[in-house]
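Beneath this line is the structure, given in C-alpha cells, with notes to follow.
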Amino acid sequence: MARITLFRHAKAEDPNLQTADVARLLASRGRRNAARMGRFISENGLLPDLVIVSTAARTRQTFELASANWPDIPVLFLDSIYEASATTVMAAIEAHGADCERVMVIGHNPGLVVLLHNLVDSPPSGVNMSYFPTSCVADIGFDVRHIRDIQPESGRLLSFIRVRELS
C-alpha cells in the first residue's frame with residue numbers, strides 16, 4: 001500500500017520585522033511538539049522511505065527533532081516546497097518519490113491541507129481535515145504499491161493526529 005504522510009511543521013516563533021519568514025525558528029513549544037510527534041510516528045509504524053522537507057528553518061528543525069530517534073531515512077530539503085501550492089508539493093512527491101511506497105512531506109499550510117483534500121476520497125465521519133494545525137500529521141493510504149500509481153482523490157485517511165491529542 002502506497003502512503004503519503006503530511007506533517008505540518010511545529011509551532012514557530014512569532015513573525016517579526018527583523019527575521020525573514022523563511023528563517024523563523026521553532027518556539028519552545030514547537031520544539032517539544034516536534035519531538036513528541038516524531039516519537040508517535042516511530043512508535044506507530046508511520047516511518048517513510050523518503051522524507052521531503054521545505055528548506056525553511058522551522059521545517060528543518062521539525063525534521064531534526066522529530067527524526068532524532070528514527071533509523072537513517074533518505075531526506076531531501078527542497079526550496080520548491082517552501083509555502084508551495086498543493087500542486088507543487090505533489091509534483092515534488094512524484095518527482096522524488098515515484099518508486100517509493102511511503103513518502104513524508106514536512107511543509108506548510110495552506111499547501112498541505114489543500115493536498116490532503118485533493119488526495120482523500122472522503123474523510124472519515126467526525127474528522128475535520130480543514131483544521132490542520134502545527135505539528136499535525138495526516139497519513140493517507142492508497143490501494144497501489146508505489147507513489148507513481150496514485151490517482152487524485154483515491155486515498156483513505158489512515159490517521160489524522162494533532163499533537164494535542166497525544167498522551
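Going through the C-alpha cells in order, the chains are called A, B, and so on, while each chain numbers its residues from 1 and the ligands are numbered from 1 in the order shown.
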Checklist entry - Leaving out Arg102 (chain A) and any residue of its chain fewer than 4 positions from it, which residues lie within 8 Å of it when counting only C-alpha atoms, given as an MDAnalysis selection string? => result chainID A and resid 2:5 47:50 146:147
For the residues selected in the previous step, produce a file with N, CA, C and O atoms as a PDB file, in the first residue's frame.
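The file below, part-v8.pdb, is the result:
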```pdb
ATOM      1  N   ALA A   2       0.717   2.092  -0.992  1.00  0.00           N
ATOM      2  CA  ALA A   2       1.437   3.361  -1.030  1.00  0.00           C
ATOM      3  C   ALA A   2       0.844   4.296   0.022  1.00  0.00           C
ATOM      4  O   ALA A   2      -0.356   4.262   0.295  1.00  0.00           O
ATOM      5  N   ARG A   3       1.720   5.105   0.610  1.00  0.00           N
ATOM      6  CA  ARG A   3       1.268   6.047   1.638  1.00  0.00           C
ATOM      7  C   ARG A   3       1.989   7.373   1.489  1.00  0.00           C
ATOM      8  O   ARG A   3       3.181   7.411   1.221  1.00  0.00           O
ATOM      9  N   ILE A   4       1.237   8.436   1.700  1.00  0.00           N
ATOM     10  CA  ILE A   4       1.804   9.781   1.791  1.00  0.00           C
ATOM     11  C   ILE A   4       1.450  10.306   3.173  1.00  0.00           C
ATOM     12  O   ILE A   4       0.281  10.289   3.577  1.00  0.00           O
ATOM     13  N   THR A   5       2.464  10.752   3.897  1.00  0.00           N
ATOM     14  CA  THR A   5       2.261  11.316   5.220  1.00  0.00           C
ATOM     15  C   THR A   5       2.588  12.800   5.148  1.00  0.00           C
ATOM     16  O   THR A   5       3.691  13.180   4.763  1.00  0.00           O
ATOM     17  N   LEU A  47       6.875   5.481   9.744  1.00  0.00           N
ATOM     18  CA  LEU A  47       8.154   5.897   9.164  1.00  0.00           C
ATOM     19  C   LEU A  47       8.128   5.719   7.648  1.00  0.00           C
ATOM     20  O   LEU A  47       7.695   4.691   7.144  1.00  0.00           O
ATOM     21  N   PRO A  48       8.603   6.726   6.922  1.00  0.00           N
ATOM     22  CA  PRO A  48       8.588   6.683   5.457  1.00  0.00           C
ATOM     23  C   PRO A  48       9.866   6.089   4.876  1.00  0.00           C
ATOM     24  O   PRO A  48      10.835   5.837   5.589  1.00  0.00           O
ATOM     25  N   ASP A  49       9.836   5.916   3.559  1.00  0.00           N
ATOM     26  CA  ASP A  49      11.030   5.522   2.805  1.00  0.00           C
ATOM     27  C   ASP A  49      11.847   6.755   2.406  1.00  0.00           C
ATOM     28  O   ASP A  49      13.034   6.646   2.120  1.00  0.00           O
ATOM     29  N   LEU A  50      11.178   7.904   2.345  1.00  0.00           N
ATOM     30  CA  LEU A  50      11.789   9.167   1.932  1.00  0.00           C
ATOM     31  C   LEU A  50      11.063  10.295   2.643  1.00  0.00           C
ATOM     32  O   LEU A  50       9.836  10.264   2.762  1.00  0.00           O
ATOM     33  N   HIS A 146       3.093   1.763  -5.416  1.00  0.00           N
ATOM     34  CA  HIS A 146       4.080   2.846  -5.472  1.00  0.00           C
ATOM     35  C   HIS A 146       3.406   4.203  -5.588  1.00  0.00           C
ATOM     36  O   HIS A 146       2.295   4.325  -6.112  1.00  0.00           O
ATOM     37  N   ILE A 147       4.137   5.211  -5.178  1.00  0.00           N
ATOM     38  CA  ILE A 147       3.658   6.595  -5.258  1.00  0.00           C
ATOM     39  C   ILE A 147       3.295   6.955  -6.697  1.00  0.00           C
ATOM     40  O   ILE A 147       2.304   7.636  -6.948  1.00  0.00           O
TER      41      ILE A 147
END
```
Checklist entry - Would you give me, as number ranges by chain, the residues in region 30-116 of chain A that DSSP reads as alpha helix (DSSP H)? => result A: 30-43, 57-66, 86-97, 111-116
Item to check | Among the residues A:Asn118, A:Thr62, A:Ser28, A:Ser67, the one that comes closest to Ala10 (chain A) [using only C-alpha atoms] | outcome: A:Thr62
List every residue of region 110-163 of chain A that has an atom at most 12 Å from any atom of region 39-42 of chain A, and for each one report the closest atom pair and its distance in Å to one decimal, counting only C-alpha atoms, with rows sorted by chain and then by increasing residue number, as CSV.
```
residue,atom,partner,partner_atom,distance
A:Ser135,CA,A:Phe40,CA,11.3
A:Cys136,CA,A:Ile41,CA,11.1
A:Val137,CA,A:Ile41,CA,8.7
A:Ala138,CA,A:Ile41,CA,10.7
A:Asp139,CA,A:Ile41,CA,10.0
A:Ser159,CA,A:Ile41,CA,10.7
A:Phe160,CA,A:Ile41,CA,11.5
A:Ile161,CA,A:Phe40,CA,9.4
A:Arg162,CA,A:Phe40,CA,10.8
A:Val163,CA,A:Phe40,CA,9.2
```
Selected residues written out, N, CA, C and O atoms, as a CSV table (one decimal), in the first residue's frame:
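So part-v9.csv came out as:
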```csv
chain,number,residue,atom,x,y,z
A,135,SER,N,2.3,20.9,13.8
A,135,SER,CA,2.6,19.5,14.4
A,135,SER,C,1.5,18.5,14.1
A,135,SER,O,1.5,17.4,14.7
A,136,CYS,N,0.6,18.7,13.2
A,136,CYS,CA,-0.4,17.8,12.8
A,136,CYS,C,0.2,16.8,11.7
A,136,CYS,O,1.0,17.3,10.9
A,137,VAL,N,-0.3,15.6,11.8
A,137,VAL,CA,0.2,14.6,10.8
A,137,VAL,C,-1.1,13.9,10.3
A,137,VAL,O,-2.0,13.4,11.0
A,138,ALA,N,-1.1,13.8,8.9
A,138,ALA,CA,-2.2,13.1,8.2
A,138,ALA,C,-1.5,12.0,7.4
A,138,ALA,O,-0.6,12.2,6.6
A,139,ASP,N,-1.9,10.7,7.6
A,139,ASP,CA,-1.3,9.6,6.9
A,139,ASP,C,-2.4,9.1,6.0
A,139,ASP,O,-3.5,8.7,6.4
A,159,SER,N,-4.8,7.9,9.4
A,159,SER,CA,-4.7,8.5,10.7
A,159,SER,C,-4.6,10.0,10.5
A,159,SER,O,-4.1,10.5,9.5
A,160,PHE,N,-5.1,10.7,11.5
A,160,PHE,CA,-5.1,12.2,11.5
A,160,PHE,C,-4.9,12.6,12.9
A,160,PHE,O,-5.8,12.5,13.7
A,161,ILE,N,-3.6,13.0,13.2
A,161,ILE,CA,-3.2,13.2,14.6
A,161,ILE,C,-2.8,14.6,14.8
A,161,ILE,O,-1.8,15.1,14.1
A,162,ARG,N,-3.4,15.3,15.7
A,162,ARG,CA,-2.9,16.6,16.2
A,162,ARG,C,-2.1,16.4,17.5
A,162,ARG,O,-2.5,15.5,18.3
A,163,VAL,N,-1.1,17.1,17.6
A,163,VAL,CA,-0.1,16.8,18.7
A,163,VAL,C,-0.8,17.0,20.1
A,163,VAL,O,-0.5,16.2,21.0
```
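Closest approach to Ser54 (chain A) from the set A:Asn69, A:Ser122, A:Ser80, A:Asn109 is made by A:Ser80, with distances taken over only C-alpha atoms.
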Taking only residues of region 13-79 of chain A that have an atom at most 12 Å from an atom of region 95-98 of chain A, what is each one's shortest atom pair and its distance in Å to one decimal, using only C-alpha atoms, in chain and number order, as a Markdown table?
```
| residue | atom | partner | partner_atom | distance |
| --- | --- | --- | --- | --- |
| A:Pro48 | CA | A:Gly97 | CA | 10.4 |
| A:Asp49 | CA | A:Gly97 | CA | 8.5 |
| A:Leu50 | CA | A:Gly97 | CA | 6.9 |
| A:Val51 | CA | A:Gly97 | CA | 8.9 |
| A:Ile52 | CA | A:His96 | CA | 8.4 |
| A:Val53 | CA | A:His96 | CA | 11.7 |
| A:Pro74 | CA | A:Gly97 | CA | 10.6 |
| A:Val75 | CA | A:His96 | CA | 10.2 |
| A:Leu76 | CA | A:His96 | CA | 8.6 |
| A:Phe77 | CA | A:His96 | CA | 11.2 |
| A:Leu78 | CA | A:His96 | CA | 10.4 |
```
Checklist entry - What is the distance, in Å and to one decimal place, between CA of Leu157 (chain A) and CA of Ile140 (chain A)? => result 4.6 Å
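Across the structure, CA of Arg60 (chain A) and CA of Arg156 (chain A) are spaced 27.7 Å apart.
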Checklist entry - Leaving out Glu83 (chain A) and any residue of its chain fewer than 4 positions from it, which residues lie within 10 Å of it when counting only C-alpha atoms, given as a PyMOL selection string? => result chain A and resi 22+54+56+79+88-89+107-112
Please save N, CA and C atoms of the selected residues as a PDB file, in the first residue's frame.
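Writing done, so here's part-v9.pdb:
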```pdb
ATOM      1  N   VAL A  22      11.300  32.785   6.119  1.00  0.00           N
ATOM      2  CA  VAL A  22      11.981  31.513   5.873  1.00  0.00           C
ATOM      3  C   VAL A  22      12.976  31.173   6.987  1.00  0.00           C
ATOM      4  N   SER A  54      10.723  21.125   3.422  1.00  0.00           N
ATOM      5  CA  SER A  54      10.930  22.511   2.992  1.00  0.00           C
ATOM      6  C   SER A  54      12.239  23.014   3.593  1.00  0.00           C
ATOM      7  N   ALA A  56      12.740  25.922   4.839  1.00  0.00           N
ATOM      8  CA  ALA A  56      12.529  26.907   5.904  1.00  0.00           C
ATOM      9  C   ALA A  56      13.141  26.385   7.204  1.00  0.00           C
ATOM     10  N   ASP A  79      13.797  23.762  -1.740  1.00  0.00           N
ATOM     11  CA  ASP A  79      13.295  25.143  -1.752  1.00  0.00           C
ATOM     12  C   ASP A  79      11.898  25.209  -2.356  1.00  0.00           C
ATOM     13  N   THR A  88       2.365  21.921  -6.439  1.00  0.00           N
ATOM     14  CA  THR A  88       3.827  21.909  -6.393  1.00  0.00           C
ATOM     15  C   THR A  88       4.332  20.854  -5.412  1.00  0.00           C
ATOM     16  N   VAL A  89       3.667  20.725  -4.267  1.00  0.00           N
ATOM     17  CA  VAL A  89       4.071  19.702  -3.293  1.00  0.00           C
ATOM     18  C   VAL A  89       3.898  18.311  -3.900  1.00  0.00           C
ATOM     19  N   GLY A 107       6.085  20.270   5.679  1.00  0.00           N
ATOM     20  CA  GLY A 107       5.911  21.533   4.979  1.00  0.00           C
ATOM     21  C   GLY A 107       4.956  22.478   5.663  1.00  0.00           C
ATOM     22  N   HIS A 108       4.238  23.234   4.837  1.00  0.00           N
ATOM     23  CA  HIS A 108       3.476  24.397   5.284  1.00  0.00           C
ATOM     24  C   HIS A 108       2.033  24.340   4.798  1.00  0.00           C
ATOM     25  N   ASN A 109       1.190  25.030   5.533  1.00  0.00           N
ATOM     26  CA  ASN A 109      -0.164  25.315   5.050  1.00  0.00           C
ATOM     27  C   ASN A 109      -0.111  26.604   4.251  1.00  0.00           C
ATOM     28  N   PRO A 110      -1.005  26.837   3.341  1.00  0.00           N
ATOM     29  CA  PRO A 110      -2.184  26.032   3.049  1.00  0.00           C
ATOM     30  C   PRO A 110      -1.927  24.871   2.098  1.00  0.00           C
ATOM     31  N   GLY A 111      -0.719  24.757   1.552  1.00  0.00           N
ATOM     32  CA  GLY A 111      -0.441  23.704   0.572  1.00  0.00           C
ATOM     33  C   GLY A 111      -0.726  22.302   1.085  1.00  0.00           C
ATOM     34  N   LEU A 112      -0.336  22.012   2.341  1.00  0.00           N
ATOM     35  CA  LEU A 112      -0.542  20.660   2.856  1.00  0.00           C
ATOM     36  C   LEU A 112      -2.019  20.327   3.032  1.00  0.00           C
TER      37      LEU A 112
END
```
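Taking CA of Arg58 (chain A) as the reference point, CA of Val127 (chain A) is found at 26.5 Å.
Comparing A:Ala92, A:Thr134, A:Gly45, A:Arg148 by their smallest distance to Arg31 (chain A), the closest is A:Thr134 (using only C-alpha atoms).
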Checklist entry - What's the 12 Å shell around Thr19 (chain A), counting only C-alpha atoms, without same-chain residues fewer than 6 positions away, as a PyMOL selection string? => result chain A and resi 13+25+57
For the residues in the current selection, export C-alpha atoms as a short mmCIF file (atom, residue, chain, number, x, y, z; two decimals), in the first residue's frame.
```cif
data_model
loop_
_atom_site.label_atom_id
_atom_site.label_comp_id
_atom_site.auth_asym_id
_atom_site.auth_seq_id
_atom_site.Cartn_x
_atom_site.Cartn_y
_atom_site.Cartn_z
CA GLU A 13 8.31 31.89 16.74
CA LEU A 25 12.85 29.12 14.16
CA ALA A 57 14.29 26.90 9.27
#
```
Checklist entry - How would you write, as a PyMOL selection string, the set of residues in region 3-160 of chain A that DSSP gives as strand (DSSP E)? => result chain A and resi 3-8+50-54+75-78+102-107+137-142+156-160
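Distance check against Phe132 (chain A) using only C-alpha atoms: of A:Leu6, A:Met104, A:Ile73, A:Leu65, the minimum falls on A:Leu6.
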